[in-house]
>>> print(open('structure21.cif').read())   # mmCIF, C-alpha atoms; chains and numbers go by the auth columns
data_model
#
loop_
_atom_site.group_PDB
_atom_site.id
_atom_site.type_symbol
_atom_site.label_atom_id
_atom_site.label_comp_id
_atom_site.label_asym_id
_atom_site.label_seq_id
_atom_site.Cartn_x
_atom_site.Cartn_y
_atom_site.Cartn_z
_atom_site.B_iso_or_equiv
_atom_site.auth_seq_id
_atom_site.auth_asym_id
ATOM 1 C CA MET A 1 -9.842 15.432 -21.924 0.00 242 A
ATOM 2 C CA THR A 2 -10.353 13.052 -19.013 0.00 243 A
ATOM 3 C CA LYS A 3 -9.030 14.399 -15.732 0.00 244 A
ATOM 4 C CA PRO A 4 -5.951 12.575 -14.403 0.00 245 A
ATOM 5 C CA LEU A 5 -6.498 10.009 -11.652 0.00 246 A
ATOM 6 C CA VAL A 6 -4.403 9.520 -8.504 0.00 247 A
ATOM 7 C CA ILE A 7 -4.335 5.957 -7.177 0.00 248 A
ATOM 8 C CA PHE A 8 -3.176 5.635 -3.574 0.00 249 A
ATOM 9 C CA ASP A 9 -1.948 2.421 -2.046 0.00 250 A
ATOM 10 C CA CYS A 10 -3.469 2.032 1.435 0.00 251 A
ATOM 11 C CA ASP A 11 -1.107 0.320 3.913 0.00 252 A
ATOM 12 C CA GLY A 12 1.967 2.465 4.407 0.00 253 A
ATOM 13 C CA VAL A 13 0.681 5.302 2.207 0.00 254 A
ATOM 14 C CA LEU A 14 -2.662 6.302 3.706 0.00 255 A
ATOM 15 C CA VAL A 15 -2.455 4.487 7.045 0.00 256 A
ATOM 16 C CA ASP A 16 0.620 3.565 9.075 0.00 257 A
ATOM 17 C CA SER A 17 -0.509 -0.045 9.463 0.00 258 A
ATOM 18 C CA GLU A 18 2.528 -1.956 8.251 0.00 259 A
ATOM 19 C CA THR A 19 4.633 -1.023 11.264 0.00 260 A
ATOM 20 C CA LEU A 20 1.960 -2.557 13.502 0.00 261 A
ATOM 21 C CA SER A 21 1.389 -5.623 11.322 0.00 262 A
ATOM 22 C CA SER A 22 5.120 -6.277 11.096 0.00 263 A
ATOM 23 C CA ARG A 23 5.358 -6.164 14.891 0.00 264 A
ATOM 24 C CA VAL A 24 2.737 -8.901 15.124 0.00 265 A
ATOM 25 C CA MET A 25 4.427 -10.955 12.414 0.00 266 A
ATOM 26 C CA ARG A 26 7.786 -10.645 14.165 0.00 267 A
ATOM 27 C CA GLU A 27 6.353 -11.799 17.494 0.00 268 A
ATOM 28 C CA MET A 28 4.448 -14.724 15.973 0.00 269 A
ATOM 29 C CA ALA A 29 7.381 -15.827 13.816 0.00 270 A
ATOM 30 C CA GLY A 30 9.614 -15.660 16.872 0.00 271 A
ATOM 31 C CA LEU A 31 7.394 -18.163 18.651 0.00 272 A
ATOM 32 C CA GLU A 32 8.016 -20.519 15.733 0.00 273 A
ATOM 33 C CA GLY A 33 11.792 -20.070 15.936 0.00 274 A
ATOM 34 C CA LEU A 34 12.354 -17.408 13.264 0.00 275 A
ATOM 35 C CA ALA A 35 14.097 -14.197 14.326 0.00 276 A
ATOM 36 C CA PHE A 36 13.514 -10.848 12.593 0.00 277 A
ATOM 37 C CA SER A 37 14.656 -7.367 13.546 0.00 278 A
ATOM 38 C CA SER A 38 11.990 -4.671 13.412 0.00 279 A
ATOM 39 C CA GLU A 39 13.447 -3.402 10.131 0.00 280 A
ATOM 40 C CA GLN A 40 13.617 -6.890 8.614 0.00 281 A
ATOM 41 C CA ALA A 41 10.027 -7.660 9.609 0.00 282 A
ATOM 42 C CA LEU A 42 8.710 -4.489 8.009 0.00 283 A
ATOM 43 C CA ALA A 43 10.648 -5.108 4.796 0.00 284 A
ATOM 44 C CA PHE A 44 9.431 -8.714 4.747 0.00 285 A
ATOM 45 C CA ILE A 45 5.714 -7.867 4.664 0.00 286 A
ATOM 46 C CA ARG A 46 5.688 -4.418 3.008 0.00 287 A
ATOM 47 C CA GLY A 47 3.195 -4.316 0.135 0.00 288 A
ATOM 48 C CA ARG A 48 2.759 -8.097 -0.035 0.00 289 A
ATOM 49 C CA LYS A 49 -0.253 -10.383 0.306 0.00 290 A
ATOM 50 C CA VAL A 50 -0.268 -12.401 3.522 0.00 291 A
ATOM 51 C CA ALA A 51 -0.289 -15.767 1.767 0.00 292 A
ATOM 52 C CA GLU A 52 2.958 -14.906 -0.016 0.00 293 A
ATOM 53 C CA TRP A 53 5.045 -14.071 3.032 0.00 294 A
ATOM 54 C CA VAL A 54 3.458 -16.865 5.059 0.00 295 A
ATOM 55 C CA GLY A 55 4.638 -19.263 2.361 0.00 296 A
ATOM 56 C CA GLN A 56 8.157 -17.878 2.719 0.00 297 A
ATOM 57 C CA LEU A 57 8.055 -18.328 6.490 0.00 298 A
ATOM 58 C CA GLU A 58 7.089 -21.966 5.976 0.00 299 A
ATOM 59 C CA ALA A 59 9.894 -22.426 3.460 0.00 300 A
ATOM 60 C CA GLN A 60 12.385 -21.071 5.986 0.00 301 A
ATOM 61 C CA LEU A 61 11.010 -23.323 8.695 0.00 302 A
ATOM 62 C CA GLY A 62 10.817 -26.371 6.465 0.00 303 A
ATOM 63 C CA ARG A 63 7.332 -27.105 7.765 0.00 304 A
ATOM 64 C CA ALA A 64 3.812 -25.745 7.803 0.00 305 A
ATOM 65 C CA LEU A 65 2.891 -23.077 10.298 0.00 306 A
ATOM 66 C CA PRO A 66 0.310 -24.073 12.919 0.00 307 A
ATOM 67 C CA ALA A 67 -3.335 -24.135 11.859 0.00 308 A
ATOM 68 C CA GLY A 68 -4.931 -20.765 12.475 0.00 309 A
ATOM 69 C CA PHE A 69 -1.709 -18.765 12.097 0.00 310 A
ATOM 70 C CA VAL A 70 -3.176 -16.368 9.536 0.00 311 A
ATOM 71 C CA PRO A 71 -6.489 -15.745 11.368 0.00 312 A
ATOM 72 C CA ARG A 72 -4.542 -15.115 14.597 0.00 313 A
ATOM 73 C CA PHE A 73 -2.252 -12.725 12.758 0.00 314 A
ATOM 74 C CA ARG A 74 -5.219 -10.799 11.379 0.00 315 A
ATOM 75 C CA THR A 75 -6.982 -10.719 14.756 0.00 316 A
ATOM 76 C CA ARG A 76 -3.925 -9.525 16.671 0.00 317 A
ATOM 77 C CA SER A 77 -3.182 -6.909 14.004 0.00 318 A
ATOM 78 C CA ALA A 78 -6.765 -5.633 14.180 0.00 319 A
ATOM 79 C CA GLU A 79 -6.473 -5.347 17.966 0.00 320 A
ATOM 80 C CA LEU A 80 -3.381 -3.166 17.583 0.00 321 A
ATOM 81 C CA PHE A 81 -5.060 -1.098 14.892 0.00 322 A
ATOM 82 C CA ALA A 82 -7.968 -0.349 17.210 0.00 323 A
ATOM 83 C CA THR A 83 -5.697 1.381 19.723 0.00 324 A
ATOM 84 C CA GLU A 84 -2.553 2.487 17.873 0.00 325 A
ATOM 85 C CA LEU A 85 -3.305 2.981 14.172 0.00 326 A
ATOM 86 C CA ARG A 86 -2.728 6.461 12.769 0.00 327 A
ATOM 87 C CA ALA A 87 -2.976 8.028 9.337 0.00 328 A
ATOM 88 C CA VAL A 88 0.346 8.589 7.595 0.00 329 A
ATOM 89 C CA PRO A 89 1.576 12.070 8.616 0.00 330 A
ATOM 90 C CA HIS A 90 0.097 14.881 6.489 0.00 331 A
ATOM 91 C CA VAL A 91 -1.824 12.537 4.166 0.00 332 A
ATOM 92 C CA ARG A 92 -5.173 13.850 5.386 0.00 333 A
ATOM 93 C CA ASP A 93 -4.214 17.365 4.254 0.00 334 A
ATOM 94 C CA VAL A 94 -3.121 15.978 0.878 0.00 335 A
ATOM 95 C CA VAL A 95 -6.402 14.142 0.334 0.00 336 A
ATOM 96 C CA ASP A 96 -8.542 17.050 1.538 0.00 337 A
ATOM 97 C CA GLY A 97 -6.754 19.465 -0.799 0.00 338 A
ATOM 98 C CA LEU A 98 -6.579 17.238 -3.859 0.00 339 A
ATOM 99 C CA ARG A 99 -8.329 18.729 -6.889 0.00 340 A
ATOM 100 C CA LEU A 100 -7.990 15.548 -8.966 0.00 341 A
ATOM 101 C CA PRO A 101 -10.104 12.381 -8.850 0.00 342 A
ATOM 102 C CA PHE A 102 -8.521 9.772 -6.593 0.00 343 A
ATOM 103 C CA CYS A 103 -9.046 6.263 -5.224 0.00 344 A
ATOM 104 C CA THR A 104 -7.228 3.584 -3.247 0.00 345 A
ATOM 105 C CA ALA A 105 -6.102 0.223 -4.624 0.00 346 A
ATOM 106 C CA SER A 106 -4.706 -2.220 -2.092 0.00 347 A
ATOM 107 C CA SER A 107 -3.517 -5.815 -1.837 0.00 348 A
ATOM 108 C CA ALA A 108 -5.485 -6.108 1.417 0.00 349 A
ATOM 109 C CA PRO A 109 -8.989 -7.573 1.783 0.00 350 A
ATOM 110 C CA ARG A 110 -11.781 -5.014 1.506 0.00 351 A
ATOM 111 C CA GLU A 111 -12.810 -5.476 5.148 0.00 352 A
ATOM 112 C CA LYS A 112 -9.306 -4.536 6.293 0.00 353 A
ATOM 113 C CA ILE A 113 -9.221 -1.472 4.035 0.00 354 A
ATOM 114 C CA LEU A 114 -12.594 -0.325 5.367 0.00 355 A
ATOM 115 C CA ASN A 115 -11.464 -0.914 8.958 0.00 356 A
ATOM 116 C CA THR A 116 -8.157 0.947 8.705 0.00 357 A
ATOM 117 C CA LEU A 117 -9.576 3.879 6.765 0.00 358 A
ATOM 118 C CA GLY A 118 -12.458 4.044 9.219 0.00 359 A
ATOM 119 C CA LEU A 119 -10.193 4.054 12.275 0.00 360 A
ATOM 120 C CA THR A 120 -8.123 6.910 10.863 0.00 361 A
ATOM 121 C CA GLY A 121 -11.070 9.020 9.682 0.00 362 A
ATOM 122 C CA LEU A 122 -10.165 8.680 5.999 0.00 363 A
ATOM 123 C CA LEU A 123 -13.029 6.438 4.942 0.00 364 A
ATOM 124 C CA PRO A 124 -15.474 9.200 3.900 0.00 365 A
ATOM 125 C CA SER A 125 -12.919 10.430 1.358 0.00 366 A
ATOM 126 C CA PHE A 126 -12.614 7.014 -0.313 0.00 367 A
ATOM 127 C CA GLN A 127 -16.020 5.450 0.396 0.00 368 A
ATOM 128 C CA ASP A 128 -17.013 4.693 -3.198 0.00 369 A
ATOM 129 C CA ARG A 129 -13.522 4.360 -4.671 0.00 370 A
ATOM 130 C CA ILE A 130 -11.913 1.387 -2.932 0.00 371 A
ATOM 131 C CA TYR A 131 -10.339 -1.450 -4.902 0.00 372 A
ATOM 132 C CA SER A 132 -9.104 -4.677 -3.328 0.00 373 A
ATOM 133 C CA ALA A 133 -6.843 -7.231 -4.992 0.00 374 A
ATOM 134 C CA TYR A 134 -8.959 -9.956 -3.402 0.00 375 A
ATOM 135 C CA GLU A 135 -11.964 -8.850 -5.431 0.00 376 A
ATOM 136 C CA VAL A 136 -10.048 -8.533 -8.683 0.00 377 A
ATOM 137 C CA GLY A 137 -7.887 -11.639 -8.268 0.00 378 A
ATOM 138 C CA SER A 138 -4.724 -9.714 -9.141 0.00 379 A
ATOM 139 C CA TRP A 139 -1.966 -8.883 -6.678 0.00 380 A
ATOM 140 C CA LYS A 140 0.958 -6.516 -7.087 0.00 381 A
ATOM 141 C CA PRO A 141 3.436 -6.608 -8.867 0.00 382 A
ATOM 142 C CA ASP A 142 0.855 -7.674 -11.467 0.00 383 A
ATOM 143 C CA PRO A 143 -0.647 -4.464 -12.884 0.00 384 A
ATOM 144 C CA GLY A 144 -4.178 -5.854 -13.002 0.00 385 A
ATOM 145 C CA LEU A 145 -5.462 -4.114 -9.875 0.00 386 A
ATOM 146 C CA PHE A 146 -4.342 -0.678 -11.006 0.00 387 A
ATOM 147 C CA LEU A 147 -5.625 -1.227 -14.526 0.00 388 A
ATOM 148 C CA HIS A 148 -8.995 -2.359 -13.140 0.00 389 A
ATOM 149 C CA ALA A 149 -9.294 0.759 -10.954 0.00 390 A
ATOM 150 C CA ALA A 150 -8.435 3.045 -13.882 0.00 391 A
ATOM 151 C CA ALA A 151 -10.872 1.303 -16.226 0.00 392 A
ATOM 152 C CA ASP A 152 -13.662 1.351 -13.644 0.00 393 A
ATOM 153 C CA LEU A 153 -13.236 5.106 -13.219 0.00 394 A
ATOM 154 C CA GLY A 154 -12.886 5.669 -16.962 0.00 395 A
ATOM 155 C CA VAL A 155 -9.330 7.011 -16.973 0.00 396 A
ATOM 156 C CA PRO A 156 -6.626 5.800 -19.408 0.00 397 A
ATOM 157 C CA ALA A 157 -3.553 4.299 -17.726 0.00 398 A
ATOM 158 C CA GLY A 158 -1.340 7.059 -19.124 0.00 399 A
ATOM 159 C CA ARG A 159 -3.411 9.626 -17.220 0.00 400 A
ATOM 160 C CA CYS A 160 -2.947 7.858 -13.867 0.00 401 A
ATOM 161 C CA ALA A 161 -0.431 8.414 -11.091 0.00 402 A
ATOM 162 C CA VAL A 162 0.195 5.755 -8.457 0.00 403 A
ATOM 163 C CA VAL A 163 1.397 6.600 -4.943 0.00 404 A
ATOM 164 C CA GLU A 164 3.199 3.589 -3.466 0.00 405 A
ATOM 165 C CA ASP A 165 5.683 2.697 -0.736 0.00 406 A
ATOM 166 C CA SER A 166 6.662 -0.837 -1.781 0.00 407 A
ATOM 167 C CA LEU A 167 8.740 -2.416 -4.524 0.00 408 A
ATOM 168 C CA VAL A 168 5.865 -4.608 -5.679 0.00 409 A
ATOM 169 C CA GLY A 169 3.567 -1.587 -5.854 0.00 410 A
ATOM 170 C CA VAL A 170 6.054 0.463 -7.845 0.00 411 A
ATOM 171 C CA ARG A 171 6.571 -2.443 -10.237 0.00 412 A
ATOM 172 C CA ALA A 172 2.812 -2.843 -10.662 0.00 413 A
ATOM 173 C CA GLY A 173 2.345 0.832 -11.428 0.00 414 A
ATOM 174 C CA ARG A 174 5.179 0.879 -13.926 0.00 415 A
ATOM 175 C CA ALA A 175 3.888 -2.289 -15.607 0.00 416 A
ATOM 176 C CA ALA A 176 0.484 -0.612 -15.924 0.00 417 A
ATOM 177 C CA GLY A 177 2.043 2.288 -17.823 0.00 418 A
ATOM 178 C CA MET A 178 1.347 4.760 -15.033 0.00 419 A
ATOM 179 C CA THR A 179 3.473 7.440 -13.409 0.00 420 A
ATOM 180 C CA VAL A 180 4.650 6.246 -9.985 0.00 421 A
ATOM 181 C CA PHE A 181 5.479 8.344 -6.942 0.00 422 A
ATOM 182 C CA GLY A 182 7.369 6.408 -4.277 0.00 423 A
ATOM 183 C CA TYR A 183 6.764 7.407 -0.660 0.00 424 A
ATOM 184 C CA ALA A 184 9.990 6.728 1.228 0.00 425 A
ATOM 185 C CA PRO A 185 10.239 8.532 4.573 0.00 426 A
ATOM 186 C CA PRO A 186 13.875 8.808 5.688 0.00 427 A
ATOM 187 C CA GLU A 187 13.522 6.155 8.382 0.00 428 A
ATOM 188 C CA SER A 188 12.291 3.564 5.864 0.00 429 A
ATOM 189 C CA GLY A 189 15.576 3.301 3.978 0.00 430 A
ATOM 190 C CA THR A 190 13.675 2.447 0.781 0.00 431 A
ATOM 191 C CA ALA A 191 14.337 5.537 -1.351 0.00 432 A
ATOM 192 C CA GLY A 192 17.132 3.986 -3.395 0.00 433 A
ATOM 193 C CA GLU A 193 15.303 0.796 -4.294 0.00 434 A
ATOM 194 C CA LEU A 194 12.072 2.582 -5.220 0.00 435 A
ATOM 195 C CA GLU A 195 13.941 5.060 -7.399 0.00 436 A
ATOM 196 C CA ALA A 196 15.832 2.210 -9.078 0.00 437 A
ATOM 197 C CA GLU A 197 12.450 0.737 -10.110 0.00 438 A
ATOM 198 C CA GLY A 198 11.413 3.974 -11.802 0.00 439 A
ATOM 199 C CA ALA A 199 9.507 5.830 -9.080 0.00 440 A
ATOM 200 C CA THR A 200 9.789 9.544 -8.404 0.00 441 A
ATOM 201 C CA VAL A 201 10.727 9.363 -4.740 0.00 442 A
ATOM 202 C CA PHE A 202 9.626 11.743 -1.975 0.00 443 A
ATOM 203 C CA GLY A 203 10.141 11.614 1.779 0.00 444 A
ATOM 204 C CA SER A 204 7.153 13.512 3.184 0.00 445 A
ATOM 205 C CA MET A 205 3.524 13.760 2.153 0.00 446 A
ATOM 206 C CA THR A 206 3.916 17.530 2.230 0.00 447 A
ATOM 207 C CA GLU A 207 5.896 17.140 -1.017 0.00 448 A
ATOM 208 C CA LEU A 208 3.218 15.214 -2.897 0.00 449 A
ATOM 209 C CA PRO A 209 0.894 18.083 -3.931 0.00 450 A
ATOM 210 C CA GLY A 210 3.745 19.872 -5.704 0.00 451 A
ATOM 211 C CA LEU A 211 4.814 16.657 -7.441 0.00 452 A
ATOM 212 C CA LEU A 212 1.257 16.051 -8.638 0.00 453 A
ATOM 213 C CA ASP A 213 0.959 19.638 -9.899 0.00 454 A
ATOM 214 C CA ARG A 214 4.113 19.225 -11.972 0.00 455 A
ATOM 215 C CA TRP A 215 2.943 15.834 -13.242 0.00 456 A
ATOM 216 C CA THR A 216 -0.424 17.143 -14.446 0.00 457 A
ATOM 217 C CA ALA A 217 1.314 20.004 -16.226 0.00 458 A
ATOM 218 C CA GLN A 218 3.441 17.521 -18.204 0.00 459 A
ATOM 219 C CA GLY A 219 0.537 15.579 -19.684 0.00 460 A
ATOM 220 C CA PRO A 220 0.096 11.798 -20.131 0.00 461 A
ATOM 221 C CA VAL A 221 3.029 9.382 -20.131 0.00 462 A
ATOM 222 C CA ALA A 222 3.784 6.893 -22.891 0.00 463 A
ATOM 223 C CA PRO A 223 2.560 3.328 -22.328 0.00 464 A
ATOM 224 C CA ALA A 224 5.118 1.023 -20.709 0.00 465 A
ATOM 225 C CA ALA A 225 6.721 -1.712 -22.816 0.00 466 A
ATOM 226 C CA ARG A 226 5.061 -5.043 -22.168 0.00 467 A
#
>>> encode(input="structure21.cif", output="structure tokens")
Amino acid sequence: MTKPLVIFDCDGVLVDSETLSSRVMREMAGLEGLAFSSEQALAFIRGRKVAEWVGQLEAQLGRALPAGFVPRFRTRSAELFATELRAVPHVRDVVDGLRLPFCTASSAPREKILNTLGLTGLLPSFQDRIYSAYEVGSWKPDPGLFLHAAADLGVPAGRCAVVEDSLVGVRAGRAAGMTVFGYAPPESGTAGELEAEGATVFGSMTELPGLLDRWTAQGPVAPAAR
């Protein structure tokens, strides 16, 4: 039987990048007249493609954002990453000790995934198993990215577990017919909403190995209704 596959989201699951990106978004939106708290900014961008939340900013403003807004956002985020980005606590130990095949599937462009994994020292673990929504043309909550990663690695969807921290990621994993583990550290306040979408919620990466052990012992899940 094919070994089960673990599919990690990247931002917010492997690397603590969303807190930094949301800080940049909050500052740049503020210059345009839109006020966000730190918590609101993080919730606004978590797990989403940039074009989607930029479109919502423009809808709130009732006008287009200045030309170059997105490139400036990416540049300023990358500058913060270079000095402040860290791996999610304990995730390195999880990855190093994992006895199952694993990969990462992210809504971010490949160059960003490579950069953030490289800065945090995680890139060697994922070098040949990185999947970007930009290359597949499918963004969460559509299940296409996860299904592509599973098919490329030759693992049926029912033998895959997704590790996510966002609503759109949980919905994508569930729609793909995969088991979903929702990472919701206490300070995130997201445990309830992730659980309501069908994720098995945990608050620290130290809990994930035990959850994966129990999952593999249970066998494959039934395909989700489509």
>>> closest_residue(input="structure21.cif", among="A:Gly430, A:Val291, A:Ala398, A:Thr447", to="His331 (chain A)", atoms="all atoms listed in the file")
A:Thr447
>>> resolve_selection(input="structure21.cif", expression="the PyMOL selection byres ((chain A and resi 343) around 6)", output="PyMOL selection string")
chain A and resi 246-248+342+344
>>> residues_around(input="structure21.cif", residues="region 401-405 of chain A", least_positions_apart="6", cutoff="7 Å", atoms="all atoms listed in the file", output="list in words")
Pro245, Leu246, Val247, Ile248, Phe249, Asp250, Val254, Val411, Gly414, Met419, Thr420, Val421, Phe422, Gly423 and Tyr424 of chain A
>>> closest_residue(input="structure21.cif", among="A:Ser262, A:Ile371, A:Thr357, A:Gly253", to="Ala425 (chain A)", atoms="only C-alpha atoms")
A:Gly253
>>> resolve_selection(input="structure21.cif", expression="the PyMOL selection byres ((chain A and resi 292) around 12)", output="JSON, numbers by chain")
{"A": [286, 289, 290, 291, 293, 294, 295, 296, 297, 298, 299, 306, 310, 311, 312, 314, 315, 348, 349, 350, 375, 380]}
>>> closest_residue(input="structure21.cif", among="A:Leu272, A:Val336, A:Ala392, A:Leu341", to="Asp454 (chain A)", atoms="all atoms listed in the file")
A:Leu341
>>> resolve_selection(input="structure21.cif", expression="the PyMOL selection byres ((chain A and resi 445) around 12)", output="VMD selection string")
chain A and resid 254 329 to 332 335 406 422 to 429 432 442 to 444 446 to 452
>>> decode(input="structure21.cif", residues="region 267-281 of chain A", atoms="N, CA, C and O atoms", output="PDB file, in the first residue's frame")
ATOM      1  N   ARG A 267      -0.928  46.288   6.754  1.00  0.00           N
ATOM      2  CA  ARG A 267      -1.588  47.247   7.638  1.00  0.00           C
ATOM      3  C   ARG A 267      -1.009  48.648   7.457  1.00  0.00           C
ATOM      4  O   ARG A 267      -1.757  49.638   7.379  1.00  0.00           O
ATOM      5  N   GLU A 268       0.315  48.736   7.386  1.00  0.00           N
ATOM      6  CA  GLU A 268       0.956  50.044   7.226  1.00  0.00           C
ATOM      7  C   GLU A 268       0.614  50.662   5.872  1.00  0.00           C
ATOM      8  O   GLU A 268       0.292  51.859   5.782  1.00  0.00           O
ATOM      9  N   MET A 269       0.659  49.849   4.810  1.00  0.00           N
ATOM     10  CA  MET A 269       0.395  50.374   3.475  1.00  0.00           C
ATOM     11  C   MET A 269      -1.076  50.734   3.301  1.00  0.00           C
ATOM     12  O   MET A 269      -1.409  51.744   2.674  1.00  0.00           O
ATOM     13  N   ALA A 270      -1.968  49.923   3.856  1.00  0.00           N
ATOM     14  CA  ALA A 270      -3.394  50.252   3.785  1.00  0.00           C
ATOM     15  C   ALA A 270      -3.694  51.518   4.566  1.00  0.00           C
ATOM     16  O   ALA A 270      -4.537  52.335   4.161  1.00  0.00           O
ATOM     17  N   GLY A 271      -3.000  51.692   5.693  1.00  0.00           N
ATOM     18  CA  GLY A 271      -3.198  52.896   6.491  1.00  0.00           C
ATOM     19  C   GLY A 271      -2.862  54.159   5.730  1.00  0.00           C
ATOM     20  O   GLY A 271      -3.541  55.195   5.878  1.00  0.00           O
ATOM     21  N   LEU A 272      -1.834  54.101   4.899  1.00  0.00           N
ATOM     22  CA  LEU A 272      -1.469  55.256   4.082  1.00  0.00           C
ATOM     23  C   LEU A 272      -2.549  55.596   3.059  1.00  0.00           C
ATOM     24  O   LEU A 272      -2.619  56.737   2.577  1.00  0.00           O
ATOM     25  N   GLU A 273      -3.378  54.609   2.740  1.00  0.00           N
ATOM     26  CA  GLU A 273      -4.471  54.829   1.789  1.00  0.00           C
ATOM     27  C   GLU A 273      -5.781  55.189   2.491  1.00  0.00           C
ATOM     28  O   GLU A 273      -6.800  55.407   1.836  1.00  0.00           O
ATOM     29  N   GLY A 274      -5.753  55.220   3.839  1.00  0.00           N
ATOM     30  CA  GLY A 274      -6.944  55.612   4.578  1.00  0.00           C
ATOM     31  C   GLY A 274      -7.755  54.475   5.148  1.00  0.00           C
ATOM     32  O   GLY A 274      -8.883  54.693   5.612  1.00  0.00           O
ATOM     33  N   LEU A 275      -7.209  53.253   5.138  1.00  0.00           N
ATOM     34  CA  LEU A 275      -7.921  52.098   5.692  1.00  0.00           C
ATOM     35  C   LEU A 275      -7.225  51.638   6.971  1.00  0.00           C
ATOM     36  O   LEU A 275      -6.031  51.362   6.965  1.00  0.00           O
ATOM     37  N   ALA A 276      -7.976  51.561   8.057  1.00  0.00           N
ATOM     38  CA  ALA A 276      -7.402  51.212   9.356  1.00  0.00           C
ATOM     39  C   ALA A 276      -7.684  49.754   9.699  1.00  0.00           C
ATOM     40  O   ALA A 276      -8.825  49.290   9.590  1.00  0.00           O
ATOM     41  N   PHE A 277      -6.645  49.033  10.087  1.00  0.00           N
ATOM     42  CA  PHE A 277      -6.749  47.650  10.558  1.00  0.00           C
ATOM     43  C   PHE A 277      -6.005  47.539  11.879  1.00  0.00           C
ATOM     44  O   PHE A 277      -4.931  48.131  12.038  1.00  0.00           O
ATOM     45  N   SER A 278      -6.551  46.761  12.815  1.00  0.00           N
ATOM     46  CA  SER A 278      -5.755  46.364  13.976  1.00  0.00           C
ATOM     47  C   SER A 278      -4.795  45.265  13.523  1.00  0.00           C
ATOM     48  O   SER A 278      -4.940  44.696  12.427  1.00  0.00           O
ATOM     49  N   SER A 279      -3.836  44.945  14.371  1.00  0.00           N
ATOM     50  CA  SER A 279      -2.899  43.867  14.025  1.00  0.00           C
ATOM     51  C   SER A 279      -3.641  42.556  13.799  1.00  0.00           C
ATOM     52  O   SER A 279      -3.348  41.815  12.848  1.00  0.00           O
ATOM     53  N   GLU A 280      -4.615  42.287  14.662  1.00  0.00           N
ATOM     54  CA  GLU A 280      -5.391  41.035  14.548  1.00  0.00           C
ATOM     55  C   GLU A 280      -6.225  41.029  13.274  1.00  0.00           C
ATOM     56  O   GLU A 280      -6.324  40.010  12.582  1.00  0.00           O
ATOM     57  N   GLN A 281      -6.850  42.155  12.952  1.00  0.00           N
ATOM     58  CA  GLN A 281      -7.670  42.242  11.746  1.00  0.00           C
ATOM     59  C   GLN A 281      -6.820  42.075  10.487  1.00  0.00           C
ATOM     60  O   GLN A 281      -7.232  41.417   9.530  1.00  0.00           O
TER      61      GLN A 281
END
